[in-house]
$ cat protein_3.txt   # compact mmCIF, C-alpha atoms
# COMPACT_ATOMS: atom_id res chain seq x y z
CA MET A 1 0.00 0.00 0.00
CA GLU A 2 1.86 3.03 -1.33
CA ALA A 3 0.34 5.71 0.96
CA LEU A 4 1.32 3.63 3.98
CA LYS A 5 4.87 3.01 2.78
CA ARG A 6 5.31 6.72 2.09
CA LYS A 7 4.13 7.52 5.60
CA ILE A 8 6.53 4.94 7.08
CA VAL A 9 9.45 6.43 5.16
CA GLU A 10 8.53 10.02 6.04
CA GLU A 11 7.64 9.56 9.72
CA GLY A 12 8.93 6.19 10.92
CA VAL A 13 11.72 6.28 13.49
CA VAL A 14 14.20 3.40 13.41
CA LEU A 15 15.59 2.33 16.79
CA GLY A 16 18.41 -0.20 16.53
CA ASN A 17 17.98 -2.93 13.92
CA GLN A 18 14.68 -4.27 15.20
CA VAL A 19 12.33 -1.48 16.23
CA LEU A 20 10.30 0.84 14.01
CA LYS A 21 8.37 3.52 15.87
CA VAL A 22 5.32 4.86 14.07
CA ASP A 23 3.82 6.80 16.94
CA SER A 24 2.98 9.74 14.70
CA PHE A 25 0.31 7.99 12.64
CA LEU A 26 -0.50 4.54 14.06
CA ASN A 27 0.51 3.82 17.65
CA HIS A 28 -0.22 7.04 19.54
CA ARG A 29 -1.32 9.73 17.12
CA ILE A 30 -3.51 8.23 14.42
CA ASP A 31 -4.02 9.43 10.86
CA PRO A 32 -7.71 8.69 10.31
CA VAL A 33 -7.57 9.20 6.53
CA LEU A 34 -4.81 6.60 6.32
CA MET A 35 -6.86 4.25 8.56
CA ASP A 36 -9.83 4.74 6.24
CA GLY A 37 -7.65 3.75 3.28
CA ILE A 38 -6.32 0.72 5.20
CA GLY A 39 -9.91 -0.33 5.84
CA ASP A 40 -10.63 -0.09 2.11
CA VAL A 41 -7.65 -2.26 1.20
CA PHE A 42 -8.35 -4.99 3.78
CA ALA A 43 -12.02 -5.03 2.83
CA ARG A 44 -11.05 -5.51 -0.82
CA LEU A 45 -8.47 -8.21 -0.06
CA PHE A 46 -10.95 -10.24 2.01
CA ALA A 47 -14.14 -9.33 0.11
CA GLU A 48 -14.73 -12.91 -1.10
CA ASP A 49 -14.04 -14.66 2.18
CA GLY A 50 -17.40 -14.44 3.88
CA VAL A 51 -16.02 -12.55 6.88
CA THR A 52 -18.61 -12.28 9.67
CA VAL A 53 -16.49 -10.52 12.31
CA VAL A 54 -13.19 -8.65 12.54
CA LEU A 55 -11.02 -9.42 15.57
CA THR A 56 -8.17 -7.26 16.84
CA ILE A 57 -6.38 -6.52 20.10
CA GLU A 58 -6.32 -3.32 22.13
CA SER A 59 -5.16 -0.60 21.68
CA SER A 60 -3.35 0.08 18.42
CA GLY A 61 -5.27 -2.49 16.44
CA ILE A 62 -8.61 -0.81 17.01
CA ALA A 63 -8.36 2.11 14.57
CA PRO A 64 -7.41 0.13 11.43
CA ALA A 65 -9.73 -2.72 12.46
CA VAL A 66 -12.83 -0.56 12.99
CA MET A 67 -12.39 0.95 9.52
CA THR A 68 -12.04 -2.54 8.05
CA ALA A 69 -15.14 -3.74 9.88
CA LEU A 70 -17.09 -0.71 8.64
CA LYS A 71 -16.19 -1.41 5.01
CA LEU A 72 -17.00 -5.12 5.38
CA ASN A 73 -20.20 -4.21 7.24
CA VAL A 74 -19.51 -6.63 10.10
CA PRO A 75 -18.88 -6.06 13.81
CA LEU A 76 -15.45 -5.62 15.35
CA VAL A 77 -14.38 -7.40 18.51
CA PHE A 78 -11.27 -6.21 20.31
CA ALA A 79 -9.48 -8.63 22.62
CA ARG A 80 -8.38 -7.28 25.97
CA LYS A 81 -4.84 -7.58 27.27
CA ARG A 82 -4.27 -8.34 30.92
CA LYS A 83 -1.18 -9.04 32.99
CA SER A 84 -2.82 -12.10 34.45
CA LEU A 85 -6.34 -13.20 35.06
CA THR A 86 -8.32 -15.60 37.07
CA LEU A 87 -9.89 -17.94 34.55
CA ARG A 88 -13.49 -17.16 33.83
CA ASP A 89 -16.03 -19.42 32.20
CA ASP A 90 -17.40 -16.70 29.98
CA LEU A 91 -14.05 -15.76 28.38
CA TYR A 92 -11.72 -17.31 25.84
CA THR A 93 -8.19 -16.79 27.17
CA GLU A 94 -4.80 -17.22 25.49
CA LYS A 95 -1.29 -16.22 26.46
CA ALA A 96 0.83 -13.97 24.25
CA TYR A 97 4.41 -13.09 25.04
CA SER A 98 5.47 -9.60 24.00
CA PHE A 99 9.14 -9.51 23.03
CA THR A 100 9.00 -5.70 22.83
CA LYS A 101 7.74 -5.32 26.37
CA GLN A 102 9.29 -8.56 27.64
CA GLU A 103 6.13 -9.59 29.41
CA GLU A 104 3.47 -12.19 29.03
CA ASN A 105 -0.08 -10.99 28.60
CA GLU A 106 -3.25 -12.90 28.76
CA ILE A 107 -5.62 -11.89 26.03
CA THR A 108 -9.31 -12.45 26.42
CA VAL A 109 -12.48 -12.39 24.33
CA SER A 110 -16.00 -12.88 25.60
CA LYS A 111 -17.60 -16.13 24.49
CA SER A 112 -20.70 -14.11 23.58
CA TYR A 113 -19.14 -12.50 20.53
CA ILE A 114 -17.42 -15.25 18.53
CA GLY A 115 -18.91 -18.67 17.94
CA PRO A 116 -19.11 -21.63 15.58
CA GLY A 117 -20.06 -20.51 12.10
CA ASP A 118 -18.11 -17.26 12.34
CA ARG A 119 -15.44 -16.50 9.77
CA VAL A 120 -13.05 -14.19 11.49
CA LEU A 121 -10.65 -11.70 9.95
CA VAL A 122 -7.82 -11.00 12.40
CA VAL A 123 -6.39 -7.47 12.01
CA ASP A 124 -3.36 -6.15 13.84
CA ASP A 125 -1.09 -3.14 13.56
CA PHE A 126 2.27 -4.95 13.65
CA LEU A 127 3.55 -8.43 12.90
CA ALA A 128 6.91 -9.23 14.46
CA ASN A 129 7.16 -12.62 16.15
CA GLY A 130 3.49 -13.33 15.59
CA GLN A 131 2.64 -13.98 19.22
CA ALA A 132 -0.37 -11.65 19.31
CA SER A 133 -1.81 -12.79 15.97
CA LEU A 134 -1.31 -16.46 16.85
CA ALA A 135 -3.06 -15.94 20.19
CA LEU A 136 -5.99 -14.27 18.42
CA ALA A 137 -6.14 -17.12 15.91
CA ARG A 138 -6.12 -19.69 18.73
CA ILE A 139 -9.06 -17.87 20.30
CA VAL A 140 -10.92 -18.15 17.00
CA GLU A 141 -10.19 -21.89 16.95
CA GLN A 142 -11.27 -22.23 20.60
CA ALA A 143 -14.59 -20.68 19.58
CA GLY A 144 -15.06 -23.30 16.87
CA ALA A 145 -14.93 -20.50 14.29
CA ARG A 146 -12.67 -20.20 11.24
CA VAL A 147 -9.86 -17.75 10.58
CA ALA A 148 -10.70 -16.12 7.25
CA GLY A 149 -7.27 -14.51 7.18
CA ILE A 150 -4.86 -12.25 8.98
CA GLY A 151 -4.49 -8.63 7.93
CA ILE A 152 -1.39 -6.82 9.14
CA VAL A 153 -0.66 -3.12 8.73
CA ILE A 154 3.14 -3.32 9.10
CA GLU A 155 5.07 -6.59 8.89
CA LYS A 156 8.67 -6.87 10.01
CA SER A 157 9.52 -9.55 7.50
CA PHE A 158 12.96 -10.14 9.04
CA GLN A 159 11.29 -11.56 12.15
CA SER A 160 9.59 -14.92 12.43
CA GLY A 161 5.92 -13.98 12.64
CA ARG A 162 4.89 -14.36 9.01
CA GLN A 163 6.51 -17.78 8.77
CA ALA A 164 4.81 -18.92 11.97
CA LEU A 165 1.38 -17.83 10.73
CA ILE A 166 1.85 -19.42 7.30
CA GLU A 167 3.03 -22.67 8.91
CA ALA A 168 -0.06 -22.64 11.09
CA GLY A 169 -2.08 -22.58 7.88
CA TYR A 170 -3.26 -18.98 7.79
CA ARG A 171 -3.41 -16.55 4.90
CA VAL A 172 -1.48 -13.38 5.77
CA GLU A 173 -1.93 -10.06 3.97
CA SER A 174 0.46 -7.31 5.07
CA LEU A 175 0.08 -3.80 3.72
CA ALA A 176 3.75 -2.91 4.21
CA ARG A 177 6.52 -5.50 4.51
CA ILE A 178 9.81 -4.37 5.93
CA ALA A 179 12.81 -6.44 4.89
CA SER A 180 15.36 -4.66 7.04
CA LEU A 181 15.93 -1.78 9.44
CA GLU A 182 19.70 -2.11 9.37
CA ASP A 183 21.91 0.98 9.52
CA GLY A 184 18.90 3.06 10.48
CA SER A 185 17.28 2.81 7.07
CA ILE A 186 13.97 1.24 6.12
CA ARG A 187 14.10 -1.27 3.27
CA PHE A 188 10.82 -2.81 2.07
CA ALA A 189 10.42 -6.41 0.90
CA GLU A 190 9.93 -7.09 -2.86
CA MET B 1 -28.88 10.48 19.19
CA GLU B 2 -31.78 8.14 18.56
CA ALA B 3 -29.88 5.20 17.03
CA LEU B 4 -27.59 5.15 20.06
CA LYS B 5 -30.43 5.32 22.57
CA ARG B 6 -32.21 2.47 20.77
CA LYS B 7 -29.05 0.38 20.93
CA ILE B 8 -28.66 1.13 24.66
CA VAL B 9 -32.25 0.06 25.34
CA GLU B 10 -31.98 -3.08 23.22
CA GLU B 11 -28.55 -4.29 24.30
CA GLY B 12 -27.48 -2.46 27.47
CA VAL B 13 -27.19 -4.55 30.62
CA VAL B 14 -27.96 -2.79 33.90
CA LEU B 15 -25.92 -3.97 36.90
CA GLY B 16 -27.08 -2.49 40.18
CA ASN B 17 -28.11 1.18 40.15
CA GLN B 18 -24.82 2.52 38.82
CA VAL B 19 -23.40 0.34 36.08
CA LEU B 20 -24.50 0.06 32.46
CA LYS B 21 -22.67 -2.57 30.42
CA VAL B 22 -22.59 -1.96 26.68
CA ASP B 23 -20.05 -4.60 25.77
CA SER B 24 -22.06 -5.68 22.74
CA PHE B 25 -21.56 -2.49 20.71
CA LEU B 26 -19.08 -0.13 22.40
CA ASN B 27 -16.75 -1.61 25.02
CA HIS B 28 -15.76 -5.01 23.66
CA ARG B 29 -17.68 -5.73 20.47
CA ILE B 30 -18.03 -2.55 18.43
CA ASP B 31 -20.76 -1.65 15.96
CA PRO B 32 -18.79 0.23 13.29
CA VAL B 33 -21.89 1.65 11.58
CA LEU B 34 -22.98 3.17 14.88
CA MET B 35 -19.44 4.54 15.42
CA ASP B 36 -19.58 6.08 11.95
CA GLY B 37 -22.84 7.78 12.89
CA ILE B 38 -21.38 8.98 16.19
CA GLY B 39 -18.48 10.49 14.25
CA ASP B 40 -20.96 12.34 12.03
CA VAL B 41 -22.83 13.79 14.99
CA PHE B 42 -19.72 14.94 16.90
CA ALA B 43 -18.26 16.44 13.71
CA ARG B 44 -21.49 18.38 13.18
CA LEU B 45 -21.72 19.54 16.81
CA PHE B 46 -18.13 20.85 16.78
CA ALA B 47 -17.94 21.89 13.13
CA GLU B 48 -17.55 25.61 13.94
CA ASP B 49 -14.99 25.22 16.72
CA GLY B 50 -11.78 25.09 14.75
CA VAL B 51 -10.82 21.68 16.11
CA THR B 52 -7.23 20.76 15.18
CA VAL B 53 -6.95 17.45 17.00
CA VAL B 54 -9.22 14.89 18.67
CA LEU B 55 -7.98 13.43 21.97
CA THR B 56 -9.28 10.26 23.59
CA ILE B 57 -8.06 7.55 25.95
CA GLU B 58 -7.42 3.89 25.25
CA SER B 59 -9.16 1.56 24.59
CA SER B 60 -12.90 2.13 24.28
CA GLY B 61 -12.59 5.77 23.26
CA ILE B 62 -10.62 4.97 20.12
CA ALA B 63 -13.41 3.72 17.83
CA PRO B 64 -15.82 6.66 18.24
CA ALA B 65 -12.90 9.12 18.31
CA VAL B 66 -11.24 7.90 15.11
CA MET B 67 -14.55 8.25 13.25
CA THR B 68 -14.95 11.78 14.64
CA ALA B 69 -11.41 12.69 13.64
CA LEU B 70 -12.00 11.32 10.14
CA LYS B 71 -15.11 13.47 9.66
CA LEU B 72 -13.36 16.55 11.05
CA ASN B 73 -10.30 15.74 8.92
CA VAL B 74 -7.88 16.12 11.84
CA PRO B 75 -5.57 13.65 13.59
CA LEU B 76 -6.57 11.59 16.61
CA VAL B 77 -4.31 11.20 19.63
CA PHE B 78 -5.09 8.50 22.17
CA ALA B 79 -3.75 8.87 25.70
CA ARG B 80 -2.21 5.82 27.25
CA LYS B 81 -3.24 4.45 30.64
CA ARG B 82 -0.60 3.10 32.98
CA LYS B 83 -0.68 1.82 36.53
CA SER B 84 2.23 4.09 37.43
CA LEU B 85 5.06 5.62 35.54
CA THR B 86 8.42 7.14 36.07
CA LEU B 87 8.05 10.75 34.97
CA ARG B 88 9.43 11.40 31.55
CA ASP B 89 10.30 14.75 30.07
CA ASP B 90 8.70 13.99 26.74
CA LEU B 91 5.26 13.11 28.16
CA TYR B 92 2.36 15.03 29.65
CA THR B 93 1.14 13.01 32.62
CA GLU B 94 -2.03 13.29 34.72
CA LYS B 95 -3.62 11.06 37.30
CA ALA B 96 -7.16 9.74 36.88
CA TYR B 97 -8.92 7.66 39.49
CA SER B 98 -11.27 5.01 38.14
CA PHE B 99 -14.19 4.45 40.51
CA THR B 100 -15.29 1.45 38.44
CA LYS B 101 -11.95 -0.30 38.75
CA GLN B 102 -11.03 1.32 42.06
CA GLU B 103 -7.54 2.11 40.89
CA GLU B 104 -5.56 5.17 39.99
CA ASN B 105 -4.13 5.33 36.52
CA GLU B 106 -1.61 7.70 35.11
CA ILE B 107 -2.56 8.84 31.68
CA THR B 108 0.08 10.10 29.30
CA VAL B 109 0.33 11.93 26.00
CA SER B 110 3.51 12.64 24.08
CA LYS B 111 4.47 16.30 24.01
CA SER B 112 5.08 15.92 20.28
CA TYR B 113 1.41 15.70 19.40
CA ILE B 114 -0.40 18.49 21.24
CA GLY B 115 0.95 22.00 21.57
CA PRO B 116 0.06 25.69 21.91
CA GLY B 117 -2.31 26.73 19.15
CA ASP B 118 -4.15 23.41 19.15
CA ARG B 119 -7.90 23.35 19.72
CA VAL B 120 -8.61 19.94 21.11
CA LEU B 121 -11.88 18.02 21.06
CA VAL B 122 -11.86 15.47 23.87
CA VAL B 123 -13.96 12.37 23.05
CA ASP B 124 -14.71 9.55 25.46
CA ASP B 125 -17.07 6.60 25.57
CA PHE B 126 -18.48 7.16 29.07
CA LEU B 127 -18.90 10.07 31.46
CA ALA B 128 -19.48 9.05 35.08
CA ASN B 129 -17.43 10.96 37.64
CA GLY B 130 -15.51 12.81 34.97
CA GLN B 131 -12.07 11.75 36.15
CA ALA B 132 -10.84 10.59 32.76
CA SER B 133 -12.23 13.58 30.83
CA LEU B 134 -10.86 16.03 33.39
CA ALA B 135 -7.43 14.41 33.21
CA LEU B 136 -7.50 14.68 29.41
CA ALA B 137 -8.55 18.34 29.67
CA ARG B 138 -5.72 19.03 32.13
CA ILE B 139 -3.29 17.52 29.64
CA VAL B 140 -4.62 19.90 26.99
CA GLU B 141 -4.08 22.82 29.38
CA GLN B 142 -0.58 21.58 30.25
CA ALA B 143 0.19 21.68 26.54
CA GLY B 144 -0.90 25.32 26.34
CA ALA B 145 -3.67 24.27 23.98
CA ARG B 146 -7.41 24.94 24.29
CA VAL B 147 -10.24 22.50 24.93
CA ALA B 148 -12.72 23.04 22.09
CA GLY B 149 -15.23 20.82 23.87
CA ILE B 150 -15.88 17.41 25.33
CA GLY B 151 -17.88 14.86 23.37
CA ILE B 152 -19.27 11.93 25.34
CA VAL B 153 -21.00 8.89 23.89
CA ILE B 154 -22.92 7.85 27.03
CA GLU B 155 -23.33 10.14 30.03
CA LYS B 156 -24.52 8.85 33.38
CA SER B 157 -26.25 12.09 34.32
CA PHE B 158 -26.93 10.90 37.87
CA GLN B 159 -23.21 10.96 38.61
CA SER B 160 -21.09 14.05 39.11
CA GLY B 161 -19.00 14.14 35.93
CA ARG B 162 -21.06 16.53 33.82
CA GLN B 163 -21.28 19.06 36.66
CA ALA B 164 -17.52 18.86 37.25
CA LEU B 165 -16.74 19.49 33.59
CA ILE B 166 -19.21 22.38 33.30
CA GLU B 167 -17.80 23.95 36.48
CA ALA B 168 -14.32 23.66 35.02
CA GLY B 169 -15.60 25.74 32.11
CA TYR B 170 -15.93 23.14 29.41
CA ARG B 171 -18.68 22.60 26.88
CA VAL B 172 -20.02 19.05 27.14
CA GLU B 173 -22.01 17.32 24.40
CA SER B 174 -23.32 13.87 25.30
CA LEU B 175 -25.06 11.74 22.70
CA ALA B 176 -27.10 9.78 25.26
CA ARG B 177 -27.81 11.03 28.78
CA ILE B 178 -28.98 8.51 31.31
CA ALA B 179 -31.00 9.94 34.18
CA SER B 180 -31.33 6.72 36.16
CA LEU B 181 -30.61 3.00 36.16
CA GLU B 182 -32.78 2.30 39.18
CA ASP B 183 -34.82 -0.91 39.38
CA GLY B 184 -32.87 -2.30 36.45
CA SER B 185 -34.45 0.03 33.93
CA ILE B 186 -32.80 2.68 31.78
CA ARG B 187 -34.35 6.14 31.95
CA PHE B 188 -32.95 8.85 29.70
CA ALA B 189 -32.62 12.51 30.70
CA GLU B 190 -35.02 15.00 29.08
$ encode --input "protein_3.txt" --output "structure tokens"
Amino acid sequence: MEALKRKIVEEGVVLGNQVLKVDSFLNHRIDPVLMDGIGDVFARLFAEDGVTVVLTIESSGIAPAVMTALKLNVPLVFARKRKSLTLRDDLYTEKAYSFTKQEENEITVSKSYIGPGDRVLVVDDFLANGQASLALARIVEQAGARVAGIGIVIEKSFQSGRQALIEAGYRVESLARIASLEDGSIRFAE
Amino acid sequence: MEALKRKIVEEGVVLGNQVLKVDSFLNHRIDPVLMDGIGDVFARLFAEDGVTVVLTIESSGIAPAVMTALKLNVPLVFARKRKSLTLRDDLYTEKAYSFTKQEENEITVSKSYIGPGDRVLVVDDFLANGQASLALARIVEQAGARVAGIGIVIEKSFQSGRQALIEAGYRVESLARIASLEDGSIRFAE
């Protein structure tokens, strides 16, 4: 997605060889026109997949995901992140380790909002090691629903997440794929 | 806003005399068409106020706020909530006590994204005691910017938040005002 790549080049801040900060348009300040365009692209990519619900995780996933859900005319569910939780019968719960924050979160979704028969499009802002997306996909499976696909705004293709999702059998569509952040410069894949 | 009130009546769950759960369309599952409509209404209400940025707080404020920002054609900034934080020079920080969760959060906004000259529309999902909205407004003041107004999706008018915001000098526009939740039934103001 060209508008997204341009934004990444103009405003992305590279920290070390691994971290890309995009706080100016995605992770803290949000460019709503860009989010609207992201929604259009995901809705087009998954138009034929019978999506019945979009699933994301708080907080940075919500803006691109709500635009996608609007264009697909389906509800959005956002999973909640918690440090740790007492198990509750009414929640699907999965663990996701965050390498960035070096902590394990439990992510939860109410059993009321995803069930058998649903075809779920998982949307997330970043794909690095794939822990968050895999946890969301496992929640979909727990619910007896199907993962229609995984839509990622920014993929760090030099990390293992894409491979892990593909090996787990999921279709992954990333709007910007970053091959390398070495020497402080952003190089896109393909 | 009639569509919102209808949704509250149809899907809201009253717990005790104080708590209204709207997890089915606002706080966990999100109805994107309703959010789109909410964005339209806030954008109309504040169309003449020279808004330069919309400010909300993670996570439930993001969906209505990003739609509002899109319609106003300005960026959205979402404040982050933290249990406690070491003070950092590059962040505005304010405390907000949550009566619902009985915990104090620090809420933070990067100094990069709000500054003097900004006219900030604060948007939040709920207004109860006004702690979150007041903390956001104080961050706007810290930045030397002006609060253009405060847009609330659901106001619990029987709690003190509206009064506190009005007394602090802010214009408050709430799309649904709930006068009472007594006896398990939802009564709207006016």
$ interface_residues --input "protein_3.txt" --of "chain B" --to "chain A" --cutoff "10 Å" --atoms "only C-alpha atoms" --output "ChimeraX atom specification"
/B:23-36,53-55,57-80,109-110,112-114
$ closest_residue --input "protein_3.txt" --among "B:Arg88, B:Lys95, B:Lys81, B:Arg171" --to "Val123 of chain B" --atoms "all atoms listed in the file"
B:Arg171
$ atom_distance --input "protein_3.txt" --atom1 "atom CA of Phe158 of chain A" --atom2 "atom CA of Ile178 of chain A"
7.3 Å
$ atom_distance --input "protein_3.txt" --atom1 "atom CA of Tyr170 of chain B" --atom2 "atom CA of Asn17 of chain B"
27.3 Å
$ atom_distance --input "protein_3.txt" --atom1 "atom CA of Ala164 of chain B" --atom2 "atom CA of Gly117 of chain B"
24.9 Å
$ closest_residue --input "protein_3.txt" --among "B:Val120, B:Ile154, B:Ala47, B:Leu20" --to "Ile139 of chain B" --atoms "only C-alpha atoms"
B:Val120
